[in-house]
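coords09.cif (mmCIF, C-alpha atoms and all ligand atoms) appears below.
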```
data_model
#
loop_
_atom_site.label_atom_id
_atom_site.label_comp_id
_atom_site.auth_asym_id
_atom_site.auth_seq_id
_atom_site.Cartn_x
_atom_site.Cartn_y
_atom_site.Cartn_z
CA MET A 1 -0.98 -15.67 -13.67
CA SER A 2 -2.98 -15.26 -16.85
CA PRO A 3 -2.65 -16.82 -20.29
CA VAL A 4 -1.77 -14.59 -23.26
CA GLY A 5 -2.32 -16.68 -26.36
CA ASN A 6 -0.82 -19.97 -25.29
CA VAL A 7 1.80 -18.37 -23.06
CA GLU A 8 1.25 -18.12 -19.32
CA MET A 9 2.22 -14.72 -17.98
CA PHE A 10 3.53 -14.28 -14.44
CA ARG A 11 3.69 -11.18 -12.30
CA LEU A 12 6.73 -10.92 -10.07
CA THR A 13 7.62 -8.23 -7.56
CA ARG A 14 10.98 -7.49 -6.02
CA GLN A 15 11.75 -4.96 -3.32
CA VAL A 16 14.98 -3.02 -3.32
CA ARG A 17 15.81 -1.31 -0.02
CA PHE A 18 18.27 1.55 0.01
CA SER A 19 19.37 4.67 1.84
CA VAL A 20 20.06 8.13 0.54
CA ASN A 21 22.31 10.41 2.52
CA PRO A 22 21.52 13.98 1.52
CA PHE A 23 23.78 15.48 4.19
CA GLY A 24 27.21 14.42 3.05
CA PRO A 25 29.19 12.37 0.57
CA ASP A 26 27.17 9.58 -1.02
CA SER A 27 28.41 6.03 -0.93
CA LYS A 28 27.46 2.89 -2.80
CA GLU A 29 28.93 0.64 -0.10
CA GLY A 30 26.85 -1.95 1.68
CA ALA A 31 26.38 -5.71 1.91
CA ASN A 32 23.01 -6.29 3.63
CA SER A 33 20.25 -5.88 1.06
CA PHE A 34 17.72 -7.12 3.66
CA ALA A 35 18.20 -3.82 5.50
CA SER A 36 19.70 -1.35 3.04
CA VAL A 37 22.21 -1.13 0.20
CA PRO A 38 23.79 1.41 0.09
CA SER A 39 24.02 0.85 3.83
CA GLY A 40 23.85 4.52 4.72
CA GLU A 41 25.77 5.92 7.67
CA GLY A 42 24.21 7.80 10.54
CA LEU A 43 20.97 9.55 9.70
CA CYS A 44 19.81 8.78 6.16
CA LEU A 45 16.59 8.65 4.17
CA PHE A 46 15.50 5.00 3.98
CA LEU A 47 13.36 4.02 1.00
CA ALA A 48 12.01 0.73 -0.32
CA LEU A 49 11.21 0.44 -4.02
CA THR A 50 9.07 -2.50 -5.14
CA ILE A 51 9.34 -3.30 -8.82
CA GLY A 52 6.59 -5.25 -10.55
CA VAL A 53 7.48 -7.18 -13.71
CA THR A 54 5.30 -9.29 -15.98
CA GLY A 55 6.38 -11.91 -18.45
CA PRO A 56 6.55 -15.58 -19.40
CA LEU A 57 8.81 -18.06 -17.67
CA ASP A 58 12.25 -18.78 -19.05
CA PRO A 59 12.17 -22.60 -19.28
CA ASP A 60 15.90 -22.79 -18.61
CA THR A 61 15.66 -21.05 -15.24
CA GLY A 62 12.01 -21.11 -14.19
CA PHE A 63 12.30 -17.33 -13.75
CA VAL A 64 10.41 -14.43 -15.26
CA VAL A 65 13.54 -12.46 -14.51
CA ASN A 66 16.37 -13.42 -12.21
CA VAL A 67 15.78 -11.30 -9.11
CA MET A 68 19.54 -10.75 -8.85
CA GLU A 69 19.29 -9.04 -12.23
CA ILE A 70 16.40 -6.88 -11.01
CA ASP A 71 18.55 -5.90 -8.02
CA ARG A 72 21.56 -5.18 -10.22
CA GLN A 73 19.66 -3.05 -12.71
CA ALA A 74 17.79 -1.22 -9.98
CA ARG A 75 20.95 -0.50 -8.00
CA ASP A 76 22.94 0.51 -11.09
CA HIS A 77 20.28 2.72 -12.64
CA THR A 78 17.18 3.38 -10.52
CA VAL A 79 18.64 3.97 -7.07
CA PRO A 80 21.25 6.47 -8.38
CA LEU A 81 18.51 8.31 -10.29
CA LEU A 82 16.41 8.67 -7.14
CA ALA A 83 19.40 9.42 -4.92
CA GLU A 84 20.79 12.12 -7.21
CA TYR A 85 17.36 13.74 -7.50
CA ILE A 86 16.86 13.77 -3.72
CA ARG A 87 20.39 15.07 -3.06
CA ARG A 88 19.96 17.83 -5.66
CA ARG A 89 16.67 18.94 -4.14
CA PHE A 90 18.19 18.89 -0.67
CA ARG A 91 21.16 20.96 -1.89
CA ASP A 92 18.81 23.46 -3.53
CA GLY A 93 16.55 23.60 -0.46
CA ARG A 94 13.54 22.51 -2.48
CA ALA A 95 10.84 20.18 -1.15
CA VAL A 96 9.86 17.01 -3.04
CA SER A 97 6.11 16.67 -3.47
CA LEU A 98 4.14 13.50 -4.16
CA SER A 99 3.68 14.77 -7.71
CA ASP A 100 7.45 15.18 -8.05
CA LEU A 101 7.91 11.64 -6.76
CA ALA A 102 5.32 10.24 -9.18
CA ALA A 103 7.11 11.88 -12.12
CA LEU A 104 10.42 10.55 -10.81
CA LEU A 105 9.01 7.04 -10.50
CA HIS A 106 7.78 7.17 -14.10
CA GLU A 107 11.28 8.18 -15.15
CA ALA A 108 12.72 5.33 -13.06
CA ARG A 109 10.29 2.89 -14.67
CA GLY A 110 11.39 4.06 -18.12
CA VAL A 111 15.03 3.51 -17.19
CA LEU A 112 14.31 -0.08 -16.12
CA GLU A 113 12.11 -0.96 -19.09
CA GLY A 114 14.07 -2.99 -21.62
CA ARG A 115 16.80 -3.88 -19.11
CA LEU A 116 15.06 -6.96 -17.67
CA ALA A 117 15.15 -9.46 -20.54
CA THR A 118 11.72 -9.79 -22.12
CA ALA A 119 9.78 -8.92 -18.97
CA ARG A 120 7.69 -5.78 -18.94
CA VAL A 121 8.13 -3.39 -16.04
CA GLY A 122 4.72 -2.62 -14.59
CA CYS A 123 3.99 -0.87 -11.32
CA LEU A 124 6.58 0.76 -9.15
CA TYR A 125 5.82 1.20 -5.46
CA LEU A 126 7.88 3.47 -3.27
CA ALA A 127 7.48 2.96 0.46
CA LEU A 128 7.98 6.41 1.93
CA ASN A 129 7.78 4.97 5.42
CA PRO A 130 6.51 1.67 6.87
CA TYR A 131 2.93 2.93 6.76
CA ARG A 132 2.80 4.95 3.51
CA THR A 133 3.32 3.96 -0.11
CA LEU A 134 3.19 5.79 -3.42
CA ALA A 135 2.66 3.80 -6.62
CA ILE A 136 2.64 4.48 -10.35
CA TRP A 137 1.82 2.25 -13.26
CA PRO A 138 2.59 2.62 -16.95
CA GLU A 139 -0.92 2.77 -18.33
CA ASP A 140 -1.75 6.12 -16.77
CA THR A 141 0.76 8.86 -16.01
CA THR A 142 -1.90 11.31 -14.81
CA VAL A 143 -2.74 9.53 -11.56
CA MET A 144 -0.82 8.04 -8.65
CA LEU A 145 -1.90 5.58 -6.01
CA PHE A 146 -1.34 6.70 -2.43
CA SER A 147 -1.92 4.44 0.55
CA GLU A 148 -1.53 4.94 4.26
CA LYS A 149 -2.21 2.86 7.36
CA PHE A 150 -4.04 3.99 10.50
CA GLU A 151 -4.74 2.27 13.82
CA PHE A 152 -7.79 2.03 16.01
CA ALA A 153 -8.90 -0.10 18.96
CA ALA A 154 -12.40 -1.38 19.55
CA THR A 155 -14.48 -3.94 21.39
CA HIS A 156 -17.04 -6.19 19.75
CA THR A 157 -19.17 -9.26 20.17
CA LEU A 158 -19.98 -11.46 17.22
CA TRP A 159 -23.59 -12.44 17.81
CA ASN A 160 -26.63 -13.00 15.62
CA SER A 161 -29.86 -12.38 17.52
CA ARG A 162 -31.71 -14.80 15.22
CA PHE A 163 -29.48 -17.62 16.45
CA SER A 164 -29.90 -19.43 19.75
CA PRO A 165 -27.11 -18.97 22.31
CA GLU A 166 -25.89 -22.44 21.40
CA GLU A 167 -25.85 -21.60 17.68
CA ASN A 168 -23.99 -18.36 18.36
CA ALA A 169 -21.44 -20.22 20.45
CA GLU A 170 -21.00 -22.78 17.70
CA MET A 171 -20.72 -20.19 14.90
CA PHE A 172 -18.61 -17.51 16.59
CA GLY A 173 -16.82 -19.41 19.34
CA LYS A 174 -15.00 -17.20 21.85
CA CYS A 175 -15.98 -14.16 19.74
CA ALA A 176 -19.57 -14.63 20.93
CA ASN A 177 -18.65 -13.70 24.50
CA PRO A 178 -21.56 -11.34 25.40
CA THR A 179 -19.30 -8.94 27.30
CA GLY A 180 -17.04 -8.54 24.29
CA HIS A 181 -13.38 -8.73 23.40
CA GLY A 182 -11.03 -6.23 21.80
CA HIS A 183 -8.78 -5.80 18.81
CA ASN A 184 -6.09 -3.36 17.81
CA TYR A 185 -7.16 -2.85 14.22
CA VAL A 186 -5.13 -1.45 11.33
CA LEU A 187 -6.91 0.35 8.52
CA GLU A 188 -5.25 0.93 5.16
CA VAL A 189 -6.81 3.51 2.84
CA LYS A 190 -5.80 3.59 -0.82
CA VAL A 191 -6.68 6.50 -3.05
CA ARG A 192 -6.06 7.49 -6.64
CA CYS A 193 -4.89 11.05 -6.83
CA PRO A 194 -4.38 13.26 -9.89
CA VAL A 195 -0.63 13.86 -10.30
CA ALA A 196 -1.31 17.44 -11.35
CA ARG A 197 -3.04 18.30 -8.07
CA GLU A 198 -0.15 19.64 -6.06
CA ASP A 199 -2.68 20.98 -3.55
CA TRP A 200 -3.63 17.49 -2.32
CA ARG A 201 -2.29 17.24 1.21
CA ILE A 202 -1.52 14.16 3.28
CA ALA A 203 -2.42 16.00 6.49
CA ARG A 204 -5.87 16.82 5.12
CA PHE A 205 -6.33 13.20 4.00
CA GLN A 206 -5.45 12.00 7.49
CA GLN A 207 -7.87 14.46 9.03
CA ILE A 208 -10.74 13.28 6.82
CA VAL A 209 -10.06 9.61 7.62
CA GLU A 210 -9.99 10.52 11.31
CA GLU A 211 -13.23 12.51 11.21
CA ALA A 212 -15.19 10.35 8.78
CA PHE A 213 -14.31 6.91 10.13
CA LEU A 214 -11.81 6.55 12.94
CA SER A 215 -13.61 8.90 15.33
CA ARG A 216 -16.70 6.71 14.99
CA VAL A 217 -15.01 3.43 15.89
CA ASP A 218 -11.82 4.13 17.84
CA HIS A 219 -12.05 3.11 21.52
CA ARG A 220 -15.71 2.21 21.03
CA ASN A 221 -17.87 -0.77 21.66
CA LEU A 222 -18.84 -1.46 18.05
CA ASN A 223 -22.09 -3.23 18.97
CA LEU A 224 -23.32 -0.53 21.35
CA ASP A 225 -21.71 2.72 20.22
CA VAL A 226 -21.78 2.48 16.42
CA PRO A 227 -25.21 2.76 14.75
CA GLN A 228 -24.00 0.80 11.71
CA PHE A 229 -23.76 -2.26 13.95
CA ALA A 230 -27.12 -1.99 15.64
CA GLU A 231 -28.18 -4.78 13.29
CA ALA A 232 -25.11 -5.75 11.26
CA ILE A 233 -22.55 -8.03 12.89
CA PRO A 234 -19.29 -6.09 13.49
CA SER A 235 -17.12 -8.53 11.60
CA VAL A 236 -13.95 -7.28 9.95
CA GLU A 237 -15.77 -7.59 6.63
CA ASN A 238 -18.60 -5.31 7.76
CA LEU A 239 -16.09 -2.89 9.29
CA ALA A 240 -14.37 -2.65 5.91
CA VAL A 241 -17.72 -1.90 4.25
CA MET A 242 -18.39 0.79 6.84
CA ALA A 243 -14.98 2.33 6.27
CA TRP A 244 -15.61 2.41 2.53
CA ARG A 245 -19.02 4.03 2.95
CA CYS A 246 -17.69 6.62 5.41
CA LEU A 247 -14.79 7.62 3.16
CA GLN A 248 -16.17 7.30 -0.34
CA GLY A 249 -16.67 10.68 -1.99
CA ARG A 250 -14.94 12.61 0.82
CA LEU A 251 -11.34 12.55 -0.34
CA ALA A 252 -11.55 14.76 -3.43
CA PRO A 253 -9.67 15.36 -5.62
CA ALA A 254 -8.48 11.86 -4.73
CA VAL A 255 -10.81 8.94 -5.37
CA LEU A 256 -11.12 6.07 -2.92
CA GLU A 257 -9.62 2.97 -4.48
CA GLU A 258 -9.73 0.34 -1.75
CA VAL A 259 -9.84 -0.12 2.01
CA ALA A 260 -8.26 -2.92 3.99
CA ILE A 261 -8.69 -3.69 7.68
CA TRP A 262 -6.49 -6.02 9.68
CA GLU A 263 -8.30 -7.39 12.71
CA THR A 264 -5.14 -9.22 13.70
CA ASP A 265 -1.93 -9.72 11.78
CA LYS A 266 -3.48 -13.01 10.59
CA THR A 267 -6.88 -11.68 9.50
CA CYS A 268 -7.39 -8.95 6.92
CA CYS A 269 -10.35 -7.92 4.77
CA VAL A 270 -9.87 -5.88 1.61
CA TYR A 271 -12.98 -4.16 0.28
CA ARG A 272 -13.76 -2.43 -2.98
CA PRO A 273 -17.28 -2.65 -4.39
CA GLU A 274 -17.83 -4.12 -7.83
CA THR A 275 -19.05 -0.72 -8.97
CA ALA A 276 -15.71 0.93 -8.17
CA HIS A 277 -13.41 1.62 -11.09
CA SER A 278 -11.09 -1.16 -12.16
CA GLY A 279 -7.67 -1.25 -13.72
CA THR A 280 -5.99 -0.91 -10.37
CA PRO A 281 -2.29 -1.54 -10.22
CA ASP A 282 -1.16 -4.70 -8.49
CA ASN A 283 -1.20 -4.73 -4.76
CA ALA A 284 2.28 -4.90 -3.31
CA SER A 285 1.58 -3.82 0.21
NI NI B 1 -13.07 -10.22 17.34
#
```

Structure rendered as structure tokens:
Amino acid sequence: MSPVGNVEMFRLTRQVRFSVNPFGPDSKEGANSFASVPSGEGLCLFLALTIGVTGPLDPDTGFVVNVMEIDRQARDHTVPLLAEYIRRRFRDGRAVSLSDLAALLHEARGVLEGRLATARVGCLYLALNPYRTLAIWPEDTTVMLFSEKFEFAATHTLWNSRFSPEENAEMFGKCANPTGHGHNYVLEVKVRCPVAREDWRIARFQQIVEEAFLSRVDHRNLNLDVPQFAEAIPSVENLAVMAWRCLQGRLAPAVLEEVAIWETDKTCCVYRPETAHSGTPDNAS
């Protein structure tokens, strides 16, 4: 939260999960918003829209906005907008690009703005699948934020050669085992991409991440096989720095925004140097 004048401002996010059935009659029926409302029947397109709102607290409720109201407005106005667009494109046999989706999300944001009491609608995040998200924010309609997760497996030993064996054992515990231990890592790469660049391709992005970073660490012994860790300790923090350095400047016309690496589902490091541009939308992943 941050103070504006004497008023504390809060940022709240709410995810609305829904299904679009482009193949047959649409339905608004459903009762399990944890999974999907509309429920969808058979094969449907599942989407999850996260809505970010900013505002002061209502002293009577303790809410920025009642999340039930966010749900109601989103389901009455935003979900039908997205569903009708998708169904129309499907009917016309026309693909929906990321640029199309970004424009649609801006339209959806405009529809919500003013419907949620005094709160301001900020970023919208559309999860296209469990590993891929597209985001827009009101301050800049010319760029979108795209993020995708990747996996890799590696072995490492956390060991500082300037420490004694006892000091290493004390500092790194089981992670100092000289013969190593492994992790199944998850890497998330976030990029800013110009909305106008219809030629930006997800497949090409994936290929660059594979070639520039994953191929150097996947199924490797980080201490022995990766030159970056000849001296540096292969902590998740240093892995995130390596990922940034390997990817920065290679994703044009997109610009690297942030990298995150999960070493386990309990340990994650997010890295973006101080010199990187700021003004990033909120992180809802
Ligand atoms: Ni480890």

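For the set A:Ile233, A:Cys123, A:Ala35, A:Leu45, the residue with the smallest atom-to-atom gap to ligand NI 1 (chain B) is A:Ile233, counting all atoms listed in the file.
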
Quick one: residues within 10 Å of ligand NI 1 (chain B), with all atoms listed in the file, as number ranges by chain? A: 154-158, 172, 174-177, 180-185, 234-236, 263-264

Straight-line distance linking CA of Asp58 (chain A) with CA of Arg115 (chain A), stated in Å to one decimal: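 Atom-to-atom, CA of Asp58 (chain A) and CA of Arg115 (chain A) are spaced 15.6 Å apart.
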
Provide the CA of Ala74 (chain A) to CA of Glu148 (chain A) distance in Å, to one decimal place.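 Value for the CA of Ala74 (chain A)-CA of Glu148 (chain A) distance: 24.8 Å.
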
Judged by all atoms listed in the file, the minimum distance to Gln73 (chain A) among A:Arg14, A:Arg201, A:Met171, A:Leu134 is found for A:Arg14

Using all atoms listed in the file for the distances, tell me which of A:Pro130, A:Gly110, A:Pro165, A:Gly24 is nearest to His77 (chain A). A:Gly110

For Glu198 (chain A), please output as a short mmCIF file (atom, residue, chain, number, x, y, z; two decimals) with C-alpha atoms, keeping the file's coordinate frame all residues within 10 Å (counting all atoms listed in the file; exclusion window: fewer than 6 positions along the same chain).
```cif
data_model
loop_
_atom_site.label_atom_id
_atom_site.label_comp_id
_atom_site.auth_asym_id
_atom_site.auth_seq_id
_atom_site.Cartn_x
_atom_site.Cartn_y
_atom_site.Cartn_z
CA SER A 97 6.11 16.67 -3.47
CA LEU A 98 4.14 13.50 -4.16
CA SER A 99 3.68 14.77 -7.71
CA ASP A 100 7.45 15.18 -8.05
#
```

Which is closer to Met242 (chain A) than all the others in A:Ala119, A:Ala203, A:Val217, A:Val37, using only C-alpha atoms? A:Val217

Using only C-alpha atoms, which residues sit within 7 Å of Ala254 (chain A) once same-chain residues fewer than 5 positions away are excluded, as number ranges by chain? A: 191-194

Separation of CA of Arg272 (chain A) and CA of Glu258 (chain A), in Å? 5.0 Å

Exercise on region 21-25 of chain A, axis-aligned box with 6 Å per side, report centre and edge lengths in Å to one decimal, as lines of an AutoDock Vina configuration file:
```
center_x = 25.4
center_y = 12.9
center_z = 2.4
size_x = 19.7
size_y = 17.1
size_z = 15.6
```

Long-range neighbours of Ser147 (chain A) as a ChimeraX atom specification, 12 Å cut-off, only C-alpha atoms, 4 positions minimum in chain: /A:98,125-136,187-193,202,205-206,209,254-260,283-285

I'd like the contact shell of Phe18 (chain A) - 8 Å cut-off, only C-alpha atoms, skipping same-chain residues fewer than 5 positions apart - returned as a PyMOL selection string. chain A and resi 33+35-40+46-48+79

Take the point (0.4, 10.0, -15.5) in the file's coordinates, draw a sphere of radius 10 Å around it, and report as a PyMOL selection string every protein, DNA or RNA residue with an atom inside or on it, counting all atoms listed in the file. chain A and resi 99+102-103+106+136-144+194-196

Just checking: using only C-alpha atoms, which residue out of A:Arg11, A:Arg87, A:Arg204, A:Arg75 ends up closest to Phe23 (chain A)? A:Arg87

Kindly output region 168-186 of chain A as a tab-separated table (two decimals), keeping the file's coordinate frame, after building N, CA and C atoms.
```
chain	number	residue	atom	x	y	z
A	168	ASN	N	-25.00	-19.44	18.37
A	168	ASN	CA	-23.99	-18.36	18.36
A	168	ASN	C	-22.64	-18.89	18.84
A	169	ALA	N	-22.69	-19.68	19.90
A	169	ALA	CA	-21.44	-20.22	20.45
A	169	ALA	C	-20.76	-21.11	19.41
A	170	GLU	N	-21.58	-21.87	18.69
A	170	GLU	CA	-21.00	-22.78	17.70
A	170	GLU	C	-20.42	-22.00	16.51
A	171	MET	N	-21.16	-20.96	16.08
A	171	MET	CA	-20.72	-20.19	14.90
A	171	MET	C	-19.53	-19.29	15.22
A	172	PHE	N	-19.59	-18.58	16.34
A	172	PHE	CA	-18.61	-17.51	16.59
A	172	PHE	C	-17.59	-17.86	17.66
A	173	GLY	N	-17.80	-18.97	18.35
A	173	GLY	CA	-16.82	-19.41	19.34
A	173	GLY	C	-16.60	-18.38	20.43
A	174	LYS	N	-15.33	-18.16	20.78
A	174	LYS	CA	-15.00	-17.20	21.85
A	174	LYS	C	-15.45	-15.78	21.49
A	175	CYS	N	-15.58	-15.51	20.19
A	175	CYS	CA	-15.98	-14.16	19.74
A	175	CYS	C	-17.42	-13.84	20.11
A	176	ALA	N	-18.18	-14.86	20.54
A	176	ALA	CA	-19.57	-14.63	20.93
A	176	ALA	C	-19.70	-14.24	22.40
A	177	ASN	N	-18.60	-14.12	23.10
A	177	ASN	CA	-18.65	-13.70	24.50
A	177	ASN	C	-19.49	-12.43	24.63
A	178	PRO	N	-20.62	-12.48	25.37
A	178	PRO	CA	-21.56	-11.34	25.40
A	178	PRO	C	-20.94	-10.06	25.94
A	179	THR	N	-19.91	-10.16	26.77
A	179	THR	CA	-19.30	-8.94	27.30
A	179	THR	C	-18.17	-8.42	26.42
A	180	GLY	N	-17.94	-9.09	25.30
A	180	GLY	CA	-17.04	-8.54	24.29
A	180	GLY	C	-15.59	-8.94	24.43
A	181	HIS	N	-14.84	-8.58	23.42
A	181	HIS	CA	-13.38	-8.73	23.40
A	181	HIS	C	-12.85	-7.66	22.46
A	182	GLY	N	-11.57	-7.37	22.55
A	182	GLY	CA	-11.03	-6.23	21.80
A	182	GLY	C	-10.02	-6.60	20.74
A	183	HIS	N	-9.83	-5.67	19.82
A	183	HIS	CA	-8.78	-5.80	18.81
A	183	HIS	C	-8.08	-4.46	18.64
A	184	ASN	N	-6.80	-4.53	18.32
A	184	ASN	CA	-6.09	-3.36	17.81
A	184	ASN	C	-6.08	-3.49	16.29
A	185	TYR	N	-6.98	-2.74	15.66
A	185	TYR	CA	-7.16	-2.85	14.22
A	185	TYR	C	-6.16	-1.96	13.48
A	186	VAL	N	-5.87	-2.33	12.24
A	186	VAL	CA	-5.13	-1.45	11.33
A	186	VAL	C	-5.98	-1.26	10.08
```
